[in-house]
Structure formats: structure tokens, C-alpha cells
Amino acid sequence: DGGAYDGPLGIVVAVAVAERLRDRMPSMPFALEVVGFSDEEGTRFGAALMGSRGLAGTWDHAWWDQVDDVGVTLREAFAAFGLRPEAVGDAARDPGSLVGYLESHIEQGPHLEAADLPLGVVRAIAGARRFSLRVVGEARHAGGTPYARRRDALIGASRAVIDVERIARAEGVVATVGSMQVHPGAVNVVPGRADFTLDLRSEHDTDRDRAWSLIADAISTHCSERGLTFEATETHHAPAVAMDPVLRRAIDAGVRATTGEQEPMVLASLAGHDAMAVAAVTPVAMQFVRCHDGISHHPDESVRGDDVALAIDAFEAAVLTVASAYENVVEA
């Protein structure tokens, strides 16, 4: 139920462009490759951008011991699929073998649709940090424990959720508590522990990190006042990535040539993308495609067929713009 276009649309657009340019490839100044990355979301094992970090040579070997919901480790899943964990480094690309990386993706936001525009140009991808948070109190009988004696972990966690939104709004960042589990989870027991997640993002890493410091201080203070313990473990850390100026201009030129827009909309992506990982090994740039109501990660995620047609045209034009610029550099 994650949505049919978040990721797959970009792969199909790239395949369509490669098909169009097939007969022109002998005269192109570089090879054209289409890459479909696995496990960008990190849903099963909790580590995002696995496929693209394999290509970028930044694979984290600590991932091998991470487990899914039924206790299967990543290493075991690799082997069961017929892969060799010890060969993961073979996927890494030599930076000298790459000219650049272009990605087409649904916006995952409402801005293009609000402006009645089919395509946009990405200027940066927000840096993200994710945390597993825990508030520990004491589980006791709901009827027999007076309020003065309670150390209710869920109240502490609930206050934390409010702090997260309050501070994120004030600091101009985006923060989400997307999951929470209460233990022991019985109707007649004061919660003794609450485990929850935090996803924190911003176009600027300094703003994101300042917000986290404020959030952690606020939660710690409230928990201390109630006799609760607060614990935080960071599970993901990705720096913000600015798009390469040359490749970004190529994306811009493709949108202009296709839509006739004099000034294409330029957006920061608060969603993460494989381009974040690939940026470690080669310049990157991205094109956004309008999606209905900005809905993503949901079965209602959808795009318009005419927008997809324009996206293919614009992406092809961007590739040809890069080819032209590359030829000029080589000749010079």
C-alpha cells in the first residue's frame, strides 16, 4: 500500500528515454545506464538507501546484523535471495567512470498541483535524521495506583509528541512521530514503557540539528519532572544534498523546452531519494512530476498520463543537454 509511482515512475521514465535514444547512442559522448535501486525506503530492515549506497560504495556493514519483524537478519535475507553478502562491494562504482546521475520522481507534495504545473526542478534534498525513542516509567495497577505515585510512560511520550510538533513548527523543519508502542499494553495497567520513532528533516542540516537538540532537551525535562527516563538512539543520518549546478540547469532546460515555462518551479525535496546516496560518487540532479493532492506512501498516490508524457520529453531533453555540454568540455 505504499503507492505505485514513488520510485517506479522514475525507472519507467528512464527506460522510455533510453529506448528513444537507443539509435543515437553510437554518437553520444557517454554511455547511458538505467538503474533501479532496491530498498530505498528501508522498511524491512530499518536502513534506507541500501541499493544506492551499494552503488556509491558507502555500504554500512553494520546493516548485516539488523533484523526484520520476524527476526530474519539482512545477511540471511541476502543469502536466501541467492546473493553473496561478501560480494556487496562489487556493486560500487568508480567515480571516474561516471558523468552524472539524473532522477525523475513524483513530487510527493502539493506545490506543483497548486500552481497547475506538470514538472518542477529540484534544488536540494533535505537532510534527514531518524531516532528510536523510549520513555521508561513503571507499570502498575490502573485502579490501585494513585496519581501521585504514577510514573506513566505514555503521558511522557504523549507530551513528547506535542513537543516535537511545537518545536519543529517554530524552527521551520519537518518532524514526524510515525510509530508508537506501549508496554505492557493492557487496559488496566499504567504504561511502564513507550517506544516511538522520530523522523526529522530540513533543507539545511544546521536547522535540523538545532531542532533535534531542542526536542531532546524538552523531552528530557518533562520526563525528569515526572520521574521518567528518556532514551534516544539514532538509526539514520543523511546530510542534505544540493543539486549539481550544471545538471540542474540541464533539468531546467528540459522543463522549459517541453512545457514552455519561462521560469520552472524550483523546489526543495523534503522526501529522501537515492540521489542523496549517489551524490557521494557523482554529481546529481532531479526532476519532479506533479502528483495528485501531493499524496504519497499511500494507495491513492497517482499521476496524470499527460504529465508523464511531458516528463519523458523533458528528461530526454535534459540528457541531450548534458551530452551537448559534455561534448563541449571534451573538445575544449
# chains A, B, ... in the order shown; residues from 1 in each chain; ligands from 1
>>> residues_around(residues="stretch 47-56 of chain A", least_positions_apart="2", cutoff="8 Å", atoms="only C-alpha atoms", output="ChimeraX atom specification")
/A:37-43,45,58-59,63,88-89,91-93,235-236,273-275,277-281
>>> write_last_selection(atoms="C-alpha atoms", output="PDB file, in the first residue's frame")
ATOM      1  CA  PHE A  37      17.618   0.633  -6.819  1.00  0.00           C
ATOM      2  CA  SER A  38      16.407  -1.804  -4.183  1.00  0.00           C
ATOM      3  CA  ASP A  39      15.180  -0.858  -0.709  1.00  0.00           C
ATOM      4  CA  GLU A  40      15.334   2.911  -0.874  1.00  0.00           C
ATOM      5  CA  GLU A  41      12.743   3.166   1.909  1.00  0.00           C
ATOM      6  CA  GLY A  42      14.454   0.820   4.353  1.00  0.00           C
ATOM      7  CA  THR A  43      11.088  -0.506   5.507  1.00  0.00           C
ATOM      8  CA  PHE A  45      15.426  -3.696   7.970  1.00  0.00           C
ATOM      9  CA  THR A  58      29.166   3.562   1.166  1.00  0.00           C
ATOM     10  CA  TRP A  59      27.558   0.305   2.297  1.00  0.00           C
ATOM     11  CA  TRP A  63      23.479  -3.480   8.496  1.00  0.00           C
ATOM     12  CA  VAL A  88      28.392  -6.399  -1.935  1.00  0.00           C
ATOM     13  CA  GLY A  89      31.445  -4.233  -2.590  1.00  0.00           C
ATOM     14  CA  ALA A  91      28.431  -3.012  -6.793  1.00  0.00           C
ATOM     15  CA  ALA A  92      30.485   0.112  -6.016  1.00  0.00           C
ATOM     16  CA  ARG A  93      31.215   2.381  -8.974  1.00  0.00           C
ATOM     17  CA  THR A 235      19.017   4.966  13.466  1.00  0.00           C
ATOM     18  CA  HIS A 236      19.595   7.029  10.306  1.00  0.00           C
ATOM     19  CA  HIS A 273      15.833   9.919  -2.631  1.00  0.00           C
ATOM     20  CA  ASP A 274      18.544   7.620  -3.950  1.00  0.00           C
ATOM     21  CA  ALA A 275      20.217  10.699  -5.409  1.00  0.00           C
ATOM     22  CA  ALA A 277      23.486   8.398  -1.764  1.00  0.00           C
ATOM     23  CA  VAL A 278      24.652   8.626  -5.367  1.00  0.00           C
ATOM     24  CA  ALA A 279      25.902  12.162  -4.724  1.00  0.00           C
ATOM     25  CA  ALA A 280      28.838  10.610  -2.865  1.00  0.00           C
ATOM     26  CA  VAL A 281      30.201   9.250  -6.135  1.00  0.00           C
TER      27      VAL A 281
END
>>> residues_around(residues="A:Glu165", least_positions_apart="2", cutoff="9 Å", atoms="only C-alpha atoms", output="VMD selection string")
chain A and resid 160 to 163 167 to 170 174 to 177
>>> write_last_selection(atoms="C-alpha atoms", output="JSON list (two decimals), in the first residue's frame")
[["chain", "number", "residue", "atom", "x", "y", "z"],
["A", 160, "ALA", "CA", 6.99, 14.36, 23.67],
["A", 161, "VAL", "CA", 4.84, 14.13, 20.53],
["A", 162, "ILE", "CA", 3.40, 17.58, 21.27],
["A", 163, "ASP", "CA", 6.92, 18.95, 21.87],
["A", 167, "ILE", "CA", 9.45, 22.85, 18.14],
["A", 168, "ALA", "CA", 9.51, 21.70, 14.51],
["A", 169, "ARG", "CA", 6.98, 24.37, 13.53],
["A", 170, "ALA", "CA", 8.89, 27.06, 15.38],
["A", 174, "VAL", "CA", 9.59, 18.87, 9.43],
["A", 175, "ALA", "CA", 9.28, 16.28, 12.19],
["A", 176, "THR", "CA", 7.05, 13.21, 12.44],
["A", 177, "VAL", "CA", 6.35, 10.62, 15.09]]
>>> atom_distance(atom1="atom CA of A:Gly254", atom2="atom CA of A:Gly127")
26.3 Å
>>> closest_residue(among="A:Val266, A:Ala250, A:Ala153, A:Val17", to="A:Val121", atoms="only C-alpha atoms")
A:Val266
>>> atom_distance(atom1="atom CA of A:Gly3", atom2="atom CA of A:Val289")
14.7 Å
>>> residues_around(residues="A:Glu19", least_positions_apart="4", cutoff="12 Å", atoms="only C-alpha atoms", output="list of chain:residue names")
A:Val12, A:Val13, A:Ala14, A:Val15, A:Asp23, A:Arg24, A:Met25, A:Leu32, A:Glu33, A:Val34, A:Ile312, A:Glu316
>>> write_last_selection(atoms="N, CA and C atoms", output="short mmCIF file (atom, residue, chain, number, x, y, z; two decimals), in the first residue's frame")
data_model
loop_
_atom_site.label_atom_id
_atom_site.label_comp_id
_atom_site.auth_asym_id
_atom_site.auth_seq_id
_atom_site.Cartn_x
_atom_site.Cartn_y
_atom_site.Cartn_z
N VAL A 12 10.57 3.86 -15.03
CA VAL A 12 9.89 3.75 -16.32
C VAL A 12 10.23 4.94 -17.23
N VAL A 13 10.28 6.15 -16.65
CA VAL A 13 10.66 7.32 -17.44
C VAL A 13 12.07 7.14 -18.00
N ALA A 14 12.99 6.66 -17.17
CA ALA A 14 14.37 6.46 -17.62
C ALA A 14 14.45 5.41 -18.72
N VAL A 15 13.70 4.32 -18.58
CA VAL A 15 13.69 3.27 -19.60
C VAL A 15 13.15 3.83 -20.91
N ASP A 23 19.05 4.51 -30.82
CA ASP A 23 19.71 4.62 -32.12
C ASP A 23 20.75 5.74 -32.16
N ARG A 24 20.67 6.66 -31.21
CA ARG A 24 21.63 7.76 -31.17
C ARG A 24 22.85 7.46 -30.32
N MET A 25 22.81 6.35 -29.58
CA MET A 25 23.88 6.07 -28.63
C MET A 25 25.27 5.97 -29.25
N LEU A 32 24.79 5.39 -21.64
CA LEU A 32 23.58 5.72 -20.89
C LEU A 32 23.13 4.47 -20.14
N GLU A 33 23.03 4.57 -18.83
CA GLU A 33 22.64 3.44 -18.00
C GLU A 33 21.37 3.77 -17.23
N VAL A 34 20.50 2.79 -17.08
CA VAL A 34 19.29 2.92 -16.26
C VAL A 34 19.49 2.05 -15.02
N ILE A 312 8.75 12.48 -19.71
CA ILE A 312 9.65 11.73 -20.59
C ILE A 312 10.32 12.68 -21.58
N GLU A 316 14.34 13.43 -21.55
CA GLU A 316 15.15 13.20 -22.76
C GLU A 316 15.92 14.46 -23.12
#
>>> closest_residue(among="A:Glu231, A:Asp1, A:Asp244, A:Asp116", to="A:Tyr101", atoms="only C-alpha atoms")
A:Asp244
>>> decode(residues="stretch 240-258 of chain A", atoms="N, CA, C and O atoms", output="PDB file, in the first residue's frame")
ATOM      1  N   ALA A 240      21.963  16.809   4.011  1.00  0.00           N
ATOM      2  CA  ALA A 240      21.278  17.443   2.887  1.00  0.00           C
ATOM      3  C   ALA A 240      22.197  17.445   1.669  1.00  0.00           C
ATOM      4  O   ALA A 240      23.421  17.508   1.800  1.00  0.00           O
ATOM      5  N   VAL A 241      21.591  17.369   0.488  1.00  0.00           N
ATOM      6  CA  VAL A 241      22.366  17.312  -0.748  1.00  0.00           C
ATOM      7  C   VAL A 241      21.858  18.379  -1.717  1.00  0.00           C
ATOM      8  O   VAL A 241      20.675  18.378  -2.081  1.00  0.00           O
ATOM      9  N   ALA A 242      22.732  19.283  -2.118  1.00  0.00           N
ATOM     10  CA  ALA A 242      22.393  20.276  -3.131  1.00  0.00           C
ATOM     11  C   ALA A 242      22.600  19.673  -4.515  1.00  0.00           C
ATOM     12  O   ALA A 242      23.536  18.907  -4.738  1.00  0.00           O
ATOM     13  N   MET A 243      21.714  20.015  -5.441  1.00  0.00           N
ATOM     14  CA  MET A 243      21.851  19.511  -6.802  1.00  0.00           C
ATOM     15  C   MET A 243      23.038  20.163  -7.502  1.00  0.00           C
ATOM     16  O   MET A 243      23.359  21.331  -7.265  1.00  0.00           O
ATOM     17  N   ASP A 244      23.698  19.404  -8.360  1.00  0.00           N
ATOM     18  CA  ASP A 244      24.831  19.926  -9.122  1.00  0.00           C
ATOM     19  C   ASP A 244      24.363  21.046 -10.051  1.00  0.00           C
ATOM     20  O   ASP A 244      23.372  20.872 -10.779  1.00  0.00           O
ATOM     21  N   PRO A 245      25.017  22.197 -10.063  1.00  0.00           N
ATOM     22  CA  PRO A 245      24.544  23.335 -10.875  1.00  0.00           C
ATOM     23  C   PRO A 245      24.432  23.018 -12.363  1.00  0.00           C
ATOM     24  O   PRO A 245      23.455  23.424 -13.017  1.00  0.00           O
ATOM     25  N   VAL A 246      25.407  22.304 -12.933  1.00  0.00           N
ATOM     26  CA  VAL A 246      25.374  22.003 -14.366  1.00  0.00           C
ATOM     27  C   VAL A 246      24.218  21.070 -14.694  1.00  0.00           C
ATOM     28  O   VAL A 246      23.444  21.301 -15.642  1.00  0.00           O
ATOM     29  N   LEU A 247      24.070  20.008 -13.918  1.00  0.00           N
ATOM     30  CA  LEU A 247      22.986  19.060 -14.176  1.00  0.00           C
ATOM     31  C   LEU A 247      21.628  19.681 -13.878  1.00  0.00           C
ATOM     32  O   LEU A 247      20.638  19.392 -14.562  1.00  0.00           O
ATOM     33  N   ARG A 248      21.572  20.526 -12.865  1.00  0.00           N
ATOM     34  CA  ARG A 248      20.308  21.203 -12.558  1.00  0.00           C
ATOM     35  C   ARG A 248      19.880  22.097 -13.714  1.00  0.00           C
ATOM     36  O   ARG A 248      18.690  22.168 -14.049  1.00  0.00           O
ATOM     37  N   ARG A 249      20.839  22.779 -14.326  1.00  0.00           N
ATOM     38  CA  ARG A 249      20.493  23.619 -15.489  1.00  0.00           C
ATOM     39  C   ARG A 249      19.986  22.766 -16.640  1.00  0.00           C
ATOM     40  O   ARG A 249      19.118  23.193 -17.417  1.00  0.00           O
ATOM     41  N   ALA A 250      20.510  21.550 -16.777  1.00  0.00           N
ATOM     42  CA  ALA A 250      20.028  20.645 -17.828  1.00  0.00           C
ATOM     43  C   ALA A 250      18.580  20.237 -17.563  1.00  0.00           C
ATOM     44  O   ALA A 250      17.755  20.198 -18.489  1.00  0.00           O
ATOM     45  N   ILE A 251      18.251  19.927 -16.315  1.00  0.00           N
ATOM     46  CA  ILE A 251      16.865  19.606 -15.955  1.00  0.00           C
ATOM     47  C   ILE A 251      15.969  20.808 -16.217  1.00  0.00           C
ATOM     48  O   ILE A 251      14.864  20.694 -16.780  1.00  0.00           O
ATOM     49  N   ASP A 252      16.432  21.985 -15.832  1.00  0.00           N
ATOM     50  CA  ASP A 252      15.683  23.225 -16.055  1.00  0.00           C
ATOM     51  C   ASP A 252      15.431  23.443 -17.540  1.00  0.00           C
ATOM     52  O   ASP A 252      14.309  23.779 -17.964  1.00  0.00           O
ATOM     53  N   ALA A 253      16.468  23.231 -18.350  1.00  0.00           N
ATOM     54  CA  ALA A 253      16.332  23.421 -19.795  1.00  0.00           C
ATOM     55  C   ALA A 253      15.332  22.435 -20.383  1.00  0.00           C
ATOM     56  O   ALA A 253      14.549  22.782 -21.276  1.00  0.00           O
ATOM     57  N   GLY A 254      15.339  21.199 -19.881  1.00  0.00           N
ATOM     58  CA  GLY A 254      14.389  20.208 -20.362  1.00  0.00           C
ATOM     59  C   GLY A 254      12.958  20.583 -20.051  1.00  0.00           C
ATOM     60  O   GLY A 254      12.062  20.420 -20.888  1.00  0.00           O
ATOM     61  N   VAL A 255      12.720  21.089 -18.849  1.00  0.00           N
ATOM     62  CA  VAL A 255      11.371  21.513 -18.462  1.00  0.00           C
ATOM     63  C   VAL A 255      10.929  22.700 -19.306  1.00  0.00           C
ATOM     64  O   VAL A 255       9.795  22.747 -19.811  1.00  0.00           O
ATOM     65  N   ARG A 256      11.815  23.676 -19.485  1.00  0.00           N
ATOM     66  CA  ARG A 256      11.470  24.850 -20.303  1.00  0.00           C
ATOM     67  C   ARG A 256      11.120  24.441 -21.733  1.00  0.00           C
ATOM     68  O   ARG A 256      10.112  24.898 -22.298  1.00  0.00           O
ATOM     69  N   ALA A 257      11.959  23.584 -22.317  1.00  0.00           N
ATOM     70  CA  ALA A 257      11.757  23.204 -23.720  1.00  0.00           C
ATOM     71  C   ALA A 257      10.467  22.410 -23.902  1.00  0.00           C
ATOM     72  O   ALA A 257       9.829  22.483 -24.954  1.00  0.00           O
ATOM     73  N   THR A 258      10.068  21.680 -22.889  1.00  0.00           N
ATOM     74  CA  THR A 258       8.910  20.803 -23.011  1.00  0.00           C
ATOM     75  C   THR A 258       7.605  21.503 -22.671  1.00  0.00           C
ATOM     76  O   THR A 258       6.593  21.310 -23.345  1.00  0.00           O
TER      77      THR A 258
END
